[in-house]
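Structure first, commentary second.
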Amino acid sequence: MSRIKRYYVEIDSNCQVLKCSNDFLVYIGRKELLNIESIIKDSDINNLKDAVSSLEKGDNTLVAFRIVCQDGRLNWMSANVHRSKHDASIIKLDIYDLHSFEIDKAEGYYDEMTGLLSKSAITDHAKRLMEQTNTPPFYFFLMDIDNFKSINDTYGHMKGDDVIVEVADILKKCVGDKGVVGRIGGDEFLMILEKIHTEPELRDVLRNIRYDVREKYADEDNNYTITTSLGGALFPTHASNYEDMFKLADKMLYIAKAKGRDRYIIYTPSVHGDAKGDIEVVTITQRAMQNRIKNTLIMDLMEGFLLNNKISLRDAFNKVIETYMLDTVYIVDKKTGRSNFGISRDGKDVAIDLSGLDPSDYQPLFETYPIKVINMYDLQKANYLKFSEFMLLNSFRIIVVYYMRGVPDGGYLMYVSNVNSNCRFSETDFSDLIYFSRMLELSGKMQTGGPFAE
């Protein structure tokens with residue numbers, strides 16, 4: 001597989017060259033380059049000047065122009081043009097040879113749907129960086145779209161594809177010239193941030209990614225309908241080869257999901273422990289296998305519960321608790337705020353009582369669609385301090401709430417993970433719990449105002 005030719009040049013607003021990579025000088029056949037206008041086709045130079053003049057501090061734009069090579073040939077180039085947010089007089093150009101781009105595109109170097117690097121290309125790029133001597137430290141991050149399966153299931157795969165493309169565009173914009181981005185799976189992305197060496201720089205990029213995705217898909221009530229989770233670490237400080245770095249980033253992504261999604265996790269040894277000694281790292285492949293087992297369970301429950309009545313409600317809840325490592329499940333009556341059924345991991349009957357709270361302390365949280373993931377630590381930063389105190393008092397870490405509209409007086413299914421629980425939700429777990437909850441609601445066997453039916 002060929003590799004796209006990429007060069008780096010810095011100019012000022014008058015196109016005077018401030019810095020130029022040696023390989024670009026070799027490419028154009030010169031020992032030095034003083035003004036970039038001298039090598040750009042006359043009819044194309046205005047494209048670059050217009051792009052430069054329109055940029056505000058920190059902004060990026062793309063522009064195409066032809067370069068006069070040493071043999072007189074004209075080669076088309078594409079440049080990512082970035083005005084430094086620290087010094088507005090500096091214009092950074094990441095220049096790509098479009099001829100090599102076409103070769104690489106034909107050979108599968110780029111992901112056809114998004115235009116990002118393909119899985120093999122981004123992997124090869126990361127490994128080459130890691131194998132080079134004196135490579136400066138860089139950040140390695142994985143990202144995926146939260147609850148992507150439910151997007152496909154609810155709106156169809158065409159909408160899902162649109163979301164992937166739009167999120168990829170946001171990634172390209174936010175990463176800019178700070179690194180490269182590849183698509184490694186359906187909704188999974190890998191970022192090699194080779195020009196980011198400090199955590200404050202990294203946080204700026206990660207915050208922008210989260211914010212831009214949230215804002216793009218916020219509905220009229222400012223609910224964030226599509227979000228992302230990210231996890232990563234610093235090479236070579238935290239891992240010294242591709243395989244270990246991937247596992248570590250994947251573990252951080254998994255923690256981001258477990259903490260309620262829509263967040264980024266940067267590996268910190270004092271917080272997350274010794275990565276090298278951690279035997280519980282869960283890779284994407286392993287999670288896919290676990291998800292298949294869980295999906296089979298949901299299908300079996302649907303058949304046994306809905307079709308042939310071989311499984312009781314209690315048995316169904318027991319199986320879900322065991323498989324998803326939940327601590328308790330409750331059915332709560334909306335009208336009274338009390339549970340008429342609750343079961344713990346050890347099979348004991350338990351109860352929860354929300355009647356001591358004002359409905360406004362929790363109902364706006366509970367009555368969202370299709371589920372609401374409530375993280376105790378996030379609530380402390382929001383406007384639900386009383387319910388946060390309630391969770392703290394009961395040692396609840398995360399509650400997944402499904403609002404049942406189709407039962408008399410309304411009700412809530414509450415799936416609870418405690419503070420010291422081993423439960424760590426993955427993206428597809430939330431989709432499974434939605435299916436399971438809908439199945440129970442549609443069965444007509446649920447009741448919230450009286451004794452629990454076996």
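Residues in the structure tokens are named by chain (A, B, ... in the order shown) and by number from 1 within that chain; ligands are numbered from 1 in the order shown.
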DSSP strand (DSSP E) residues within stretch 124-316 of chain A, as a short mmCIF file (atom, residue, chain, number, x, y, z; two decimals) with C-alpha atoms, in the first residue's frame:
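Contents of the output file states_2.cif:
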data_model
loop_
_atom_site.label_atom_id
_atom_site.label_comp_id
_atom_site.auth_asym_id
_atom_site.auth_seq_id
_atom_site.Cartn_x
_atom_site.Cartn_y
_atom_site.Cartn_z
CA PHE A 138 1.59 11.71 21.80
CA TYR A 139 -1.94 10.84 22.84
CA PHE A 140 -3.76 7.75 21.57
CA PHE A 141 -7.57 7.94 21.88
CA LEU A 142 -10.55 5.74 21.02
CA MET A 143 -14.03 7.19 20.57
CA ASP A 144 -17.47 5.85 19.74
CA ILE A 145 -21.02 7.13 19.51
CA VAL A 180 -4.89 12.04 12.30
CA VAL A 181 -8.22 10.26 12.69
CA GLY A 182 -9.30 6.84 11.44
CA ARG A 183 -12.49 4.81 11.47
CA GLU A 188 -15.65 3.49 16.44
CA PHE A 189 -12.82 5.92 15.76
CA LEU A 190 -9.12 6.10 16.59
CA MET A 191 -7.24 9.39 17.01
CA ILE A 192 -3.45 9.67 16.93
CA LEU A 193 -2.79 13.14 18.33
CA THR A 228 -19.85 10.43 22.37
CA SER A 229 -17.48 8.71 24.79
CA LEU A 230 -13.69 8.81 24.54
CA GLY A 231 -10.81 7.10 26.29
CA GLY A 232 -7.07 7.21 25.85
CA ALA A 233 -3.55 7.49 27.20
CA LEU A 234 -0.12 8.96 26.50
CA PHE A 235 2.53 7.13 24.46
CA ARG A 263 -17.48 12.03 28.63
CA TYR A 264 -13.78 11.45 28.11
CA ILE A 265 -11.38 9.54 30.35
CA ILE A 266 -7.63 10.20 30.28
#
Mind checking DSSP for stretch 187-409 of chain A and telling me the alpha helix (DSSP H) residues as a PyMOL selection string?
chain A and resi 199-216+242-258+269-272+284-302+313-324+363-366+376-379+385-393
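Residue nearest A:Asn47, chosen from A:Ala64, A:Ile91, A:Ala256, A:Met299 and counting only C-alpha atoms: A:Ala64.
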Residue among A:Ile39, A:Val52, A:Leu93, A:Ala316 lying closest to A:Gly72, counting only C-alpha atoms
A:Ile39
Can you tell me, as a count of residues only, what residues are no more than 8 Å from stretch 146-163 of chain A when counting only C-alpha atoms, ignoring any on the same chain fewer than 4 positions away?
12
Spatial neighbours of A:Lys49, 10 Å, only C-alpha atoms, chain gap at least 4 places, as a PDB file with C-alpha atoms, in the first residue's frame:
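Result file follows (result02.pdb):
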ATOM      1  CA  SER A  13      -0.347  36.644   6.193  1.00  0.00           C
ATOM      2  CA  ASN A  14       1.798  37.807   3.267  1.00  0.00           C
ATOM      3  CA  CYS A  15       2.683  34.228   2.308  1.00  0.00           C
ATOM      4  CA  GLU A  37       3.674  32.209  -3.933  1.00  0.00           C
ATOM      5  CA  ASP A  44      -4.406  29.411  -7.873  1.00  0.00           C
ATOM      6  CA  ILE A  45      -2.604  31.716  -5.452  1.00  0.00           C
ATOM      7  CA  SER A  53      -7.587  36.345   4.977  1.00  0.00           C
ATOM      8  CA  SER A  54     -10.902  34.772   6.045  1.00  0.00           C
ATOM      9  CA  VAL A  63      -8.032  24.922   0.087  1.00  0.00           C
TER      10      VAL A  63
END
